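Colleague: I am sharing upload.cif, which consists of mmCIF, C-alpha atoms and all ligand atoms:
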data_work
#
loop_
_atom_site.group_PDB
_atom_site.id
_atom_site.type_symbol
_atom_site.label_atom_id
_atom_site.label_comp_id
_atom_site.auth_asym_id
_atom_site.auth_seq_id
_atom_site.Cartn_x
_atom_site.Cartn_y
_atom_site.Cartn_z
ATOM 1 C CA MET D 3 0.000 0.000 0.000
ATOM 2 C CA ILE D 4 1.247 3.486 -0.824
ATOM 3 C CA PHE D 5 0.605 6.515 1.367
ATOM 4 C CA ARG D 6 0.871 10.018 0.025
ATOM 5 C CA SER D 7 2.078 13.042 1.872
ATOM 6 C CA ALA D 8 3.018 16.556 0.835
ATOM 7 C CA ASP D 9 6.763 17.056 0.636
ATOM 8 C CA MET D 10 7.688 20.059 2.775
ATOM 9 C CA LYS D 11 10.661 21.147 0.726
ATOM 10 C CA ASN D 12 9.456 21.243 -2.853
ATOM 11 C CA GLY D 13 5.705 21.072 -2.677
ATOM 12 C CA PRO D 14 5.000 18.000 -4.847
ATOM 13 C CA ALA D 15 3.477 14.955 -3.214
ATOM 14 C CA VAL D 16 5.937 12.140 -2.504
ATOM 15 C CA GLU D 17 5.092 8.498 -2.007
ATOM 16 C CA TYR D 18 6.008 6.524 1.069
ATOM 17 C CA GLY D 19 5.945 2.788 1.643
ATOM 18 C CA GLU D 20 4.123 0.598 4.115
ATOM 19 C CA PRO D 21 3.973 1.429 7.856
ATOM 20 C CA VAL D 22 7.183 0.397 9.625
ATOM 21 C CA ILE D 23 6.469 1.864 13.071
ATOM 22 C CA GLU D 24 2.886 1.792 14.371
ATOM 23 C CA ILE D 25 2.259 3.259 17.800
ATOM 24 C CA ALA D 26 -1.327 3.043 19.043
ATOM 25 C CA GLY D 27 -2.804 4.078 22.381
ATOM 26 C CA VAL D 28 0.481 3.844 24.287
ATOM 27 C CA TYR D 29 0.609 4.667 28.011
ATOM 28 C CA LYS D 30 3.792 4.879 30.073
ATOM 29 C CA SER D 31 4.085 6.000 33.705
ATOM 30 C CA PHE D 32 6.845 6.037 36.266
ATOM 31 C CA GLY D 33 4.923 5.832 39.553
ATOM 32 C CA ASN D 34 2.642 8.856 39.579
ATOM 33 C CA ASN D 35 4.488 10.471 36.703
ATOM 34 C CA HIS D 36 2.179 9.741 33.763
ATOM 35 C CA VAL D 37 4.470 10.453 30.828
ATOM 36 C CA LEU D 38 2.751 9.001 27.740
ATOM 37 C CA LYS D 39 -1.045 9.004 27.650
ATOM 38 C CA ASP D 40 -2.780 7.467 24.652
ATOM 39 C CA PHE D 41 0.087 8.230 22.287
ATOM 40 C CA ASN D 42 -0.494 7.452 18.586
ATOM 41 C CA LEU D 43 1.855 7.761 15.622
ATOM 42 C CA THR D 44 2.397 5.779 12.422
ATOM 43 C CA ILE D 45 5.554 6.128 10.365
ATOM 44 C CA ASN D 46 5.779 4.756 6.838
ATOM 45 C CA ARG D 47 8.843 3.444 5.047
ATOM 46 C CA GLY D 48 10.988 6.328 3.820
ATOM 47 C CA GLU D 49 9.446 8.931 6.112
ATOM 48 C CA ASN D 50 11.621 11.056 8.385
ATOM 49 C CA VAL D 51 9.562 12.296 11.308
ATOM 50 C CA VAL D 52 10.792 14.903 13.770
ATOM 51 C CA VAL D 53 9.368 14.691 17.307
ATOM 52 C CA LEU D 54 9.087 17.981 19.164
ATOM 53 C CA GLY D 55 7.993 18.791 22.694
ATOM 54 C CA LYS D 56 9.050 20.457 25.896
ATOM 55 C CA SER D 57 11.905 19.063 27.954
ATOM 56 C CA GLY D 58 10.609 16.169 30.061
ATOM 57 C CA CYS D 59 7.505 15.550 27.918
ATOM 58 C CA GLY D 60 8.528 11.974 27.071
ATOM 59 C CA LYS D 61 10.415 12.134 23.774
ATOM 60 C CA SER D 62 13.322 9.951 24.879
ATOM 61 C CA VAL D 63 10.938 7.625 26.726
ATOM 62 C CA LEU D 64 8.975 7.190 23.489
ATOM 63 C CA ILE D 65 11.938 6.071 21.433
ATOM 64 C CA LYS D 66 13.213 3.835 24.234
ATOM 65 C CA CYS D 67 9.790 2.126 24.202
ATOM 66 C CA ILE D 68 10.080 1.662 20.420
ATOM 67 C CA ILE D 69 13.288 -0.346 20.768
ATOM 68 C CA GLY D 70 12.177 -2.169 23.895
ATOM 69 C CA LEU D 71 14.658 -0.494 26.264
ATOM 70 C CA LEU D 72 11.633 0.550 28.338
ATOM 71 C CA SER D 73 8.384 -1.377 28.614
ATOM 72 C CA TYR D 74 5.073 0.409 28.099
ATOM 73 C CA ASP D 75 2.043 -0.038 30.366
ATOM 74 C CA ALA D 76 -0.698 -0.268 27.729
ATOM 75 C CA GLY D 77 -1.269 0.097 23.997
ATOM 76 C CA SER D 78 0.652 -1.295 21.067
ATOM 77 C CA ILE D 79 3.991 -0.580 19.401
ATOM 78 C CA LYS D 80 4.662 -2.532 16.229
ATOM 79 C CA VAL D 81 7.940 -2.342 14.354
ATOM 80 C CA PHE D 82 7.935 -4.133 10.985
ATOM 81 C CA GLY D 83 4.646 -5.634 12.197
ATOM 82 C CA ASN D 84 6.148 -7.097 15.396
ATOM 83 C CA GLU D 85 4.522 -6.176 18.719
ATOM 84 C CA ILE D 86 7.539 -5.054 20.743
ATOM 85 C CA SER D 87 6.146 -6.017 24.162
ATOM 86 C CA GLN D 88 5.528 -9.586 23.020
ATOM 87 C CA LEU D 89 8.806 -10.343 21.295
ATOM 88 C CA PRO D 90 11.022 -12.941 22.962
ATOM 89 C CA ILE D 91 14.381 -11.400 23.870
ATOM 90 C CA ALA D 92 16.273 -13.157 21.041
ATOM 91 C CA GLU D 93 13.849 -11.830 18.429
ATOM 92 C CA LEU D 94 13.909 -8.357 19.980
ATOM 93 C CA ASP D 95 17.673 -8.477 19.648
ATOM 94 C CA GLU D 96 17.401 -9.428 15.955
ATOM 95 C CA LEU D 97 14.926 -6.606 15.383
ATOM 96 C CA ARG D 98 17.258 -4.116 17.080
ATOM 97 C CA ALA D 99 19.941 -4.982 14.535
ATOM 98 C CA ARG D 100 17.632 -3.363 11.945
ATOM 99 C CA ILE D 101 17.317 -0.177 14.023
ATOM 100 C CA GLY D 102 20.104 2.354 14.600
ATOM 101 C CA PHE D 103 19.772 4.353 17.794
ATOM 102 C CA VAL D 104 21.838 7.502 18.311
ATOM 103 C CA PHE D 105 21.603 8.267 22.017
ATOM 104 C CA GLN D 106 21.200 11.749 23.490
ATOM 105 C CA SER D 107 24.589 11.221 25.143
ATOM 106 C CA SER D 108 26.725 9.487 22.527
ATOM 107 C CA ALA D 109 27.010 6.461 24.862
ATOM 108 C CA LEU D 110 30.337 5.156 23.586
ATOM 109 C CA TYR D 111 32.168 2.475 25.551
ATOM 110 C CA ASP D 112 34.891 4.513 27.254
ATOM 111 C CA SER D 113 37.287 1.623 27.735
ATOM 112 C CA MET D 114 37.253 0.664 24.054
ATOM 113 C CA THR D 115 38.950 2.341 21.106
ATOM 114 C CA VAL D 116 36.874 3.804 18.282
ATOM 115 C CA ARG D 117 37.573 0.651 16.238
ATOM 116 C CA GLU D 118 36.394 -1.594 19.088
ATOM 117 C CA ASN D 119 33.297 0.541 19.630
ATOM 118 C CA LEU D 120 32.344 -0.034 15.996
ATOM 119 C CA GLU D 121 33.213 -3.738 16.051
ATOM 120 C CA PHE D 122 30.991 -4.297 19.062
ATOM 121 C CA PRO D 123 27.591 -4.324 17.282
ATOM 122 C CA LEU D 124 29.059 -6.468 14.492
ATOM 123 C CA ARG D 125 30.268 -9.040 17.013
ATOM 124 C CA ARG D 126 26.862 -9.005 18.658
ATOM 125 C CA HIS D 127 24.723 -9.236 15.555
ATOM 126 C CA GLY D 128 26.896 -10.132 12.577
ATOM 127 C CA LYS D 129 28.242 -13.454 13.813
ATOM 128 C CA HIS D 130 29.326 -14.771 10.431
ATOM 129 C CA LYS D 131 31.632 -11.973 9.352
ATOM 130 C CA SER D 132 35.312 -12.670 8.761
ATOM 131 C CA LYS D 133 38.028 -10.508 10.289
ATOM 132 C CA SER D 134 38.675 -8.730 6.992
ATOM 133 C CA GLU D 135 34.945 -8.157 6.402
ATOM 134 C CA VAL D 136 34.691 -6.600 9.882
ATOM 135 C CA GLN D 137 37.702 -4.413 9.213
ATOM 136 C CA GLY D 138 36.279 -3.341 5.833
ATOM 137 C CA LEU D 139 32.928 -2.397 7.356
ATOM 138 C CA VAL D 140 34.535 -0.479 10.236
ATOM 139 C CA GLU D 141 36.685 1.503 7.812
ATOM 140 C CA GLU D 142 33.846 2.165 5.341
ATOM 141 C CA THR D 143 31.562 3.425 8.117
ATOM 142 C CA LEU D 144 34.253 5.640 9.623
ATOM 143 C CA LYS D 145 34.831 7.091 6.156
ATOM 144 C CA ASP D 146 31.070 7.769 5.912
ATOM 145 C CA VAL D 147 31.323 9.995 8.995
ATOM 146 C CA GLY D 148 34.696 11.459 7.981
ATOM 147 C CA LEU D 149 36.632 10.037 10.928
ATOM 148 C CA LEU D 150 38.797 7.234 9.585
ATOM 149 C CA ASP D 151 41.794 8.954 11.191
ATOM 150 C CA ALA D 152 40.251 8.504 14.643
ATOM 151 C CA ILE D 153 40.132 4.703 14.373
ATOM 152 C CA ASN D 154 42.666 4.057 17.137
ATOM 153 C CA LEU D 155 41.635 6.856 19.508
ATOM 154 C CA MET D 156 39.864 6.383 22.839
ATOM 155 C CA PRO D 157 36.488 8.158 23.333
ATOM 156 C CA SER D 158 38.117 10.454 25.930
ATOM 157 C CA GLU D 159 40.328 11.823 23.155
ATOM 158 C CA LEU D 160 37.344 12.880 20.987
ATOM 159 C CA SER D 161 35.527 16.220 20.910
ATOM 160 C CA GLY D 162 31.748 16.342 21.486
ATOM 161 C CA GLY D 163 31.060 16.519 17.748
ATOM 162 C CA MET D 164 33.427 13.623 17.039
ATOM 163 C CA ARG D 165 31.718 11.522 19.719
ATOM 164 C CA LYS D 166 28.357 12.178 18.054
ATOM 165 C CA ARG D 167 29.782 11.130 14.705
ATOM 166 C CA ILE D 168 31.304 7.949 16.146
ATOM 167 C CA GLY D 169 27.976 7.242 17.894
ATOM 168 C CA LEU D 170 26.305 7.647 14.505
ATOM 169 C CA ALA D 171 28.890 5.385 12.839
ATOM 170 C CA ARG D 172 28.341 2.706 15.475
ATOM 171 C CA SER D 173 24.608 2.663 14.796
ATOM 172 C CA LEU D 174 25.131 2.696 11.015
ATOM 173 C CA ILE D 175 27.513 -0.217 10.833
ATOM 174 C CA LEU D 176 24.707 -2.772 10.674
ATOM 175 C CA HIS D 177 23.048 -0.809 7.819
ATOM 176 C CA PRO D 178 19.796 -0.247 9.712
ATOM 177 C CA GLU D 179 16.452 0.298 7.998
ATOM 178 C CA ILE D 180 15.268 2.603 10.793
ATOM 179 C CA MET D 181 17.308 5.347 12.464
ATOM 180 C CA LEU D 182 16.281 6.882 15.782
ATOM 181 C CA TYR D 183 18.149 10.099 16.594
ATOM 182 C CA ASP D 184 17.807 11.537 20.097
ATOM 183 C CA GLU D 185 18.874 15.194 19.879
ATOM 184 C CA PRO D 186 21.689 14.648 17.397
ATOM 185 C CA THR D 187 22.802 18.295 17.321
ATOM 186 C CA THR D 188 22.073 19.507 20.852
ATOM 187 C CA GLY D 189 25.030 21.191 22.499
ATOM 188 C CA LEU D 190 27.068 21.403 19.293
ATOM 189 C CA ASP D 191 28.311 24.601 17.661
ATOM 190 C CA PRO D 192 26.596 25.569 14.362
ATOM 191 C CA ILE D 193 29.405 24.244 12.170
ATOM 192 C CA THR D 194 29.574 20.869 13.874
ATOM 193 C CA SER D 195 25.799 20.542 13.955
ATOM 194 C CA GLY D 196 25.785 21.373 10.224
ATOM 195 C CA GLU D 197 28.195 18.475 9.704
ATOM 196 C CA ILE D 198 25.941 16.115 11.666
ATOM 197 C CA ILE D 199 22.890 17.247 9.665
ATOM 198 C CA ASN D 200 24.781 16.565 6.419
ATOM 199 C CA LEU D 201 25.683 13.119 7.673
ATOM 200 C CA MET D 202 22.042 12.446 8.540
ATOM 201 C CA LEU D 203 21.012 13.479 5.024
ATOM 202 C CA ASN D 204 23.732 11.270 3.509
ATOM 203 C CA VAL D 205 22.498 8.357 5.608
ATOM 204 C CA GLN D 206 18.918 8.912 4.405
ATOM 205 C CA LYS D 207 20.164 8.913 0.839
ATOM 206 C CA LYS D 208 22.683 6.084 1.036
ATOM 207 C CA TYR D 209 20.646 3.630 3.131
ATOM 208 C CA ASN D 210 17.121 4.898 2.336
ATOM 209 C CA THR D 211 16.304 4.845 6.040
ATOM 210 C CA THR D 212 13.074 5.621 7.810
ATOM 211 C CA SER D 213 13.795 7.826 10.811
ATOM 212 C CA ILE D 214 12.570 9.514 13.940
ATOM 213 C CA THR D 215 14.576 12.531 15.050
ATOM 214 C CA ILE D 216 14.042 14.174 18.405
ATOM 215 C CA SER D 217 15.266 17.727 18.229
ATOM 216 C CA HIS D 218 14.857 21.213 19.628
ATOM 217 C CA ASP D 219 16.878 22.481 16.695
ATOM 218 C CA MET D 220 14.385 23.761 14.106
ATOM 219 C CA HIS D 221 17.096 24.068 11.476
ATOM 220 C CA CYS D 222 17.916 20.373 11.885
ATOM 221 C CA ALA D 223 14.194 19.505 12.000
ATOM 222 C CA LYS D 224 13.389 21.354 8.792
ATOM 223 C CA ILE D 225 16.277 19.938 6.818
ATOM 224 C CA THR D 226 16.080 16.329 7.962
ATOM 225 C CA GLY D 227 12.321 15.888 8.501
ATOM 226 C CA ASN D 228 9.381 15.359 6.159
ATOM 227 C CA ARG D 229 6.867 15.486 8.969
ATOM 228 C CA LEU D 230 6.583 16.698 12.556
ATOM 229 C CA ALA D 231 4.864 15.151 15.568
ATOM 230 C CA ILE D 232 4.315 17.334 18.609
ATOM 231 C CA ILE D 233 3.984 15.829 22.086
ATOM 232 C CA VAL D 234 1.784 17.806 24.465
ATOM 233 C CA ASN D 235 0.630 16.309 27.766
ATOM 234 C CA GLY D 236 1.813 12.853 26.778
ATOM 235 C CA THR D 237 -0.175 12.604 23.558
ATOM 236 C CA ASN D 238 0.583 13.224 19.901
ATOM 237 C CA TYR D 239 -1.086 16.611 19.916
ATOM 238 C CA SER D 240 -0.623 17.123 16.233
ATOM 239 C CA ASP D 241 1.341 15.724 13.337
ATOM 240 C CA GLY D 242 1.832 16.860 9.781
ATOM 241 C CA THR D 243 4.199 18.774 7.537
ATOM 242 C CA PHE D 244 5.736 22.092 8.627
ATOM 243 C CA GLU D 245 3.242 23.947 6.454
ATOM 244 C CA GLU D 246 0.278 22.018 7.845
ATOM 245 C CA LEU D 247 1.313 22.841 11.400
ATOM 246 C CA SER D 248 2.271 26.442 10.496
ATOM 247 C CA ILE D 249 5.538 26.214 12.353
ATOM 248 C CA ILE D 250 7.637 28.879 10.755
ATOM 249 C CA ASP D 251 10.835 29.882 12.475
ATOM 250 C CA ASP D 252 10.477 29.994 16.211
ATOM 251 C CA PRO D 253 8.659 27.040 17.737
ATOM 252 C CA GLN D 254 8.793 28.665 21.161
ATOM 253 C CA THR D 255 6.292 31.296 19.983
ATOM 254 C CA HIS D 256 3.937 28.647 18.635
ATOM 255 C CA PRO D 257 0.764 27.953 20.670
ATOM 256 C CA PHE D 258 1.711 24.244 20.973
ATOM 257 C CA PHE D 259 4.559 25.225 23.258
ATOM 258 C CA GLU D 260 2.763 27.722 25.470
HETATM 259 N N1 LIG D 301 14.026 5.387 33.739
HETATM 260 C C1 LIG D 301 13.226 6.331 34.261
HETATM 261 N N2 LIG D 301 12.757 6.215 35.513
HETATM 262 C C2 LIG D 301 11.922 7.137 36.041
HETATM 263 N N3 LIG D 301 11.499 8.237 35.385
HETATM 264 C C3 LIG D 301 11.940 8.410 34.127
HETATM 265 C C4 LIG D 301 12.830 7.478 33.501
HETATM 266 N N4 LIG D 301 13.092 7.914 32.255
HETATM 267 C C5 LIG D 301 12.420 9.065 32.114
HETATM 268 N N5 LIG D 301 11.721 9.358 33.222
HETATM 269 C C6 LIG D 301 10.835 10.524 33.393
HETATM 270 O O1 LIG D 301 9.966 10.581 32.271
HETATM 271 C C7 LIG D 301 9.751 11.924 31.874
HETATM 272 C C8 LIG D 301 10.094 12.075 30.413
HETATM 273 O O2 LIG D 301 11.499 11.908 30.259
HETATM 274 P P1 LIG D 301 12.201 11.999 28.836
HETATM 275 O O3 LIG D 301 13.627 11.654 29.075
HETATM 276 O O4 LIG D 301 11.462 11.175 27.846
HETATM 277 O O5 LIG D 301 12.026 13.539 28.486
HETATM 278 P P2 LIG D 301 12.422 14.281 27.117
HETATM 279 O O6 LIG D 301 11.157 14.731 26.474
HETATM 280 O O7 LIG D 301 13.315 13.401 26.327
HETATM 281 O O8 LIG D 301 13.203 15.551 27.681
HETATM 282 P P3 LIG D 301 14.553 16.297 27.148
HETATM 283 O O9 LIG D 301 14.098 17.175 26.021
HETATM 284 O O10 LIG D 301 15.003 17.082 28.328
HETATM 285 O O11 LIG D 301 15.530 15.247 26.737
HETATM 286 C C9 LIG D 301 10.573 12.805 32.825
HETATM 287 O O12 LIG D 301 9.711 13.283 33.834
HETATM 288 C C10 LIG D 301 11.597 11.845 33.390
HETATM 289 O O13 LIG D 301 11.946 12.205 34.697
HETATM 290 MG MG MG D 302 15.319 13.407 25.892
#
Could I get this file's structure written as structure tokens?
Ligand SMILES: Nc1ncnc2c1ncn2[C@@H]1O[C@H](COP(=O)(O)OP(=O)(O)OP(=O)(O)O)[C@@H](O)[C@H]1O
Ligand SMILES: [Mg+2]
Modeller:
Amino acid sequence: MIFRSADMKNGPAVEYGEPVIEIAGVYKSFGNNHVLKDFNLTINRGENVVVLGKSGCGKSVLIKCIIGLLSYDAGSIKVFGNEISQLPIAELDELRARIGFVFQSSALYDSMTVRENLEFPLRRHGKHKSKSEVQGLVEETLKDVGLLDAINLMPSELSGGMRKRIGLARSLILHPEIMLYDEPTTGLDPITSGEIINLMLNVQKKYNTTSITISHDMHCAKITGNRLAIIVNGTNYSDGTFEELSIIDDPQTHPFFE
């Protein structure tokens, strides 16, 4: 089945594939803190959805629920048709190999070199790869993020922007079909965040990924996203293209954020 949606950049309608992430009626609380309340969102193959919302509204919780790092209390989350809460751990692990997750903090393993950080997911998921195949993939992916020279460095020797890029490389090495970015440019200077945005666009192009990007950075959102979803009071208050939601330049002045 083909879904149509207006393309925010050029106006013409573009076609997206079948739903790959289907979130329906999801609730998630921590004690009395009711974070997600009847949250709904469907993302089709090839779509790049940006999730916006105030700090603490549940954006990171949402994407952790999607990859099964957090359980949800009620509702349904299906990824490639699989209900996440019902997947046996081995199958969840296999599914995660198809999903790249760039954490809010780059979450590199501090005691491992850059090379070892990138080899780690391959060891975990790509059991049948030879040593030279592993080395080839590590080098290709580091080239993709422009950091082949950093292959033997420790994470402590990297700048914030480099850590983000290595975090991105680590999630790309398994050639995921879905990318989840949790604030990929937050805390970076404009030049470095421009580099990260370019990498995200290259990834979309090279691997034809479907993605969710959590961001407060409207520049990043507009360039990398086809559609926006806005979380207010734990629900998907509104989703659509930038034009449909009339978000122009400053989201903080928009009524959704009051
Ligand atoms: N593991 C956890 N245990 C208890 N409470 C949690 C946990 N993770 C998140 N929360 C709570 O859930 C709420 C939503 O957190 P979340 O990290 O999703 O916010 P966010 O929208 O990503 O915010 P930010 O923009 O600051 O990153 C917060 O009130 C937070 O304290
Ligand atoms: Mg967050």
Colleague: Of the residues D:Thr187, D:Ser161, D:Asn46, D:Ser62, which is the one nearest to D:Thr212, using all atoms listed in the file?
Modeller: D:Asn46
Colleague: Residues within 10 Å of D:Val205, please, as a PyMOL selection string. Count all atoms listed in the file; anything in the same chain fewer than 2 positions from it doesn't count.
Modeller: chain D and resi 146-147+170+174+177-178+181+199-203+207-211
Colleague: Between atom CA of D:Lys56 and atom CA of D:Glu245, what is the spacing in Å?
Modeller: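 Atom CA of D:Glu245 sits 20.6 Å away from atom CA of D:Lys56.
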Colleague: Mind giving me the straight-line distance from atom C9 of ligand LIG 301 (chain D) to atom CA of D:Gly162 in Å, one decimal?
Modeller: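 That distance, rounded to one decimal, is 24.3 Å.
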Colleague: Check what the PyMOL selection byres (((not hetatm)) within 10 of (chain D and resi 301)) selects in the file above and give those residues as a ChimeraX atom specification.
Modeller: /D:30-38,53-67,71-72,106,184-185,188,216-218,233,236
Colleague: Since the input has fewer atoms than a full residue there, write stretch 193-212 of chain D out with N, CA and C atoms, as a PDB file, in the frame of the given file.
Modeller:
ATOM      1  N   ILE D 193      28.668  24.924  13.243  1.00  0.00           N
ATOM      2  CA  ILE D 193      29.405  24.244  12.170  1.00  0.00           C
ATOM      3  C   ILE D 193      29.352  22.733  12.369  1.00  0.00           C
ATOM      4  N   THR D 194      29.607  22.314  13.607  1.00  0.00           N
ATOM      5  CA  THR D 194      29.574  20.869  13.874  1.00  0.00           C
ATOM      6  C   THR D 194      28.166  20.319  13.695  1.00  0.00           C
ATOM      7  N   SER D 195      27.149  21.087  14.140  1.00  0.00           N
ATOM      8  CA  SER D 195      25.799  20.542  13.955  1.00  0.00           C
ATOM      9  C   SER D 195      25.446  20.500  12.475  1.00  0.00           C
ATOM     10  N   GLY D 196      25.975  21.436  11.685  1.00  0.00           N
ATOM     11  CA  GLY D 196      25.785  21.373  10.224  1.00  0.00           C
ATOM     12  C   GLY D 196      26.391  20.100   9.651  1.00  0.00           C
ATOM     13  N   GLU D 197      27.552  19.710  10.179  1.00  0.00           N
ATOM     14  CA  GLU D 197      28.195  18.475   9.704  1.00  0.00           C
ATOM     15  C   GLU D 197      27.335  17.252  10.038  1.00  0.00           C
ATOM     16  N   ILE D 198      26.787  17.257  11.253  1.00  0.00           N
ATOM     17  CA  ILE D 198      25.941  16.115  11.666  1.00  0.00           C
ATOM     18  C   ILE D 198      24.689  16.048  10.783  1.00  0.00           C
ATOM     19  N   ILE D 199      24.086  17.221  10.521  1.00  0.00           N
ATOM     20  CA  ILE D 199      22.890  17.247   9.665  1.00  0.00           C
ATOM     21  C   ILE D 199      23.224  16.695   8.278  1.00  0.00           C
ATOM     22  N   ASN D 200      24.375  17.099   7.731  1.00  0.00           N
ATOM     23  CA  ASN D 200      24.781  16.565   6.419  1.00  0.00           C
ATOM     24  C   ASN D 200      24.935  15.058   6.451  1.00  0.00           C
ATOM     25  N   LEU D 201      25.528  14.570   7.554  1.00  0.00           N
ATOM     26  CA  LEU D 201      25.683  13.119   7.673  1.00  0.00           C
ATOM     27  C   LEU D 201      24.325  12.429   7.707  1.00  0.00           C
ATOM     28  N   MET D 202      23.385  13.044   8.464  1.00  0.00           N
ATOM     29  CA  MET D 202      22.042  12.446   8.540  1.00  0.00           C
ATOM     30  C   MET D 202      21.395  12.388   7.157  1.00  0.00           C
ATOM     31  N   LEU D 203      21.580  13.456   6.382  1.00  0.00           N
ATOM     32  CA  LEU D 203      21.012  13.479   5.024  1.00  0.00           C
ATOM     33  C   LEU D 203      21.685  12.431   4.140  1.00  0.00           C
ATOM     34  N   ASN D 204      23.023  12.289   4.292  1.00  0.00           N
ATOM     35  CA  ASN D 204      23.732  11.270   3.509  1.00  0.00           C
ATOM     36  C   ASN D 204      23.246   9.873   3.856  1.00  0.00           C
ATOM     37  N   VAL D 205      22.986   9.661   5.153  1.00  0.00           N
ATOM     38  CA  VAL D 205      22.498   8.357   5.608  1.00  0.00           C
ATOM     39  C   VAL D 205      21.127   8.073   4.992  1.00  0.00           C
ATOM     40  N   GLN D 206      20.255   9.084   5.011  1.00  0.00           N
ATOM     41  CA  GLN D 206      18.918   8.912   4.405  1.00  0.00           C
ATOM     42  C   GLN D 206      19.053   8.497   2.947  1.00  0.00           C
ATOM     43  N   LYS D 207      19.996   9.159   2.264  1.00  0.00           N
ATOM     44  CA  LYS D 207      20.164   8.913   0.839  1.00  0.00           C
ATOM     45  C   LYS D 207      20.819   7.556   0.575  1.00  0.00           C
ATOM     46  N   LYS D 208      21.902   7.287   1.316  1.00  0.00           N
ATOM     47  CA  LYS D 208      22.683   6.084   1.036  1.00  0.00           C
ATOM     48  C   LYS D 208      21.937   4.817   1.445  1.00  0.00           C
ATOM     49  N   TYR D 209      21.284   4.853   2.608  1.00  0.00           N
ATOM     50  CA  TYR D 209      20.646   3.630   3.131  1.00  0.00           C
ATOM     51  C   TYR D 209      19.123   3.664   3.020  1.00  0.00           C
ATOM     52  N   ASN D 210      18.567   4.766   2.481  1.00  0.00           N
ATOM     53  CA  ASN D 210      17.121   4.898   2.336  1.00  0.00           C
ATOM     54  C   ASN D 210      16.379   4.570   3.643  1.00  0.00           C
ATOM     55  N   THR D 211      16.848   5.165   4.725  1.00  0.00           N
ATOM     56  CA  THR D 211      16.304   4.845   6.040  1.00  0.00           C
ATOM     57  C   THR D 211      14.979   5.562   6.300  1.00  0.00           C
ATOM     58  N   THR D 212      14.238   4.972   7.213  1.00  0.00           N
ATOM     59  CA  THR D 212      13.074   5.621   7.810  1.00  0.00           C
ATOM     60  C   THR D 212      13.588   6.149   9.147  1.00  0.00           C
TER      61      THR D 212
END
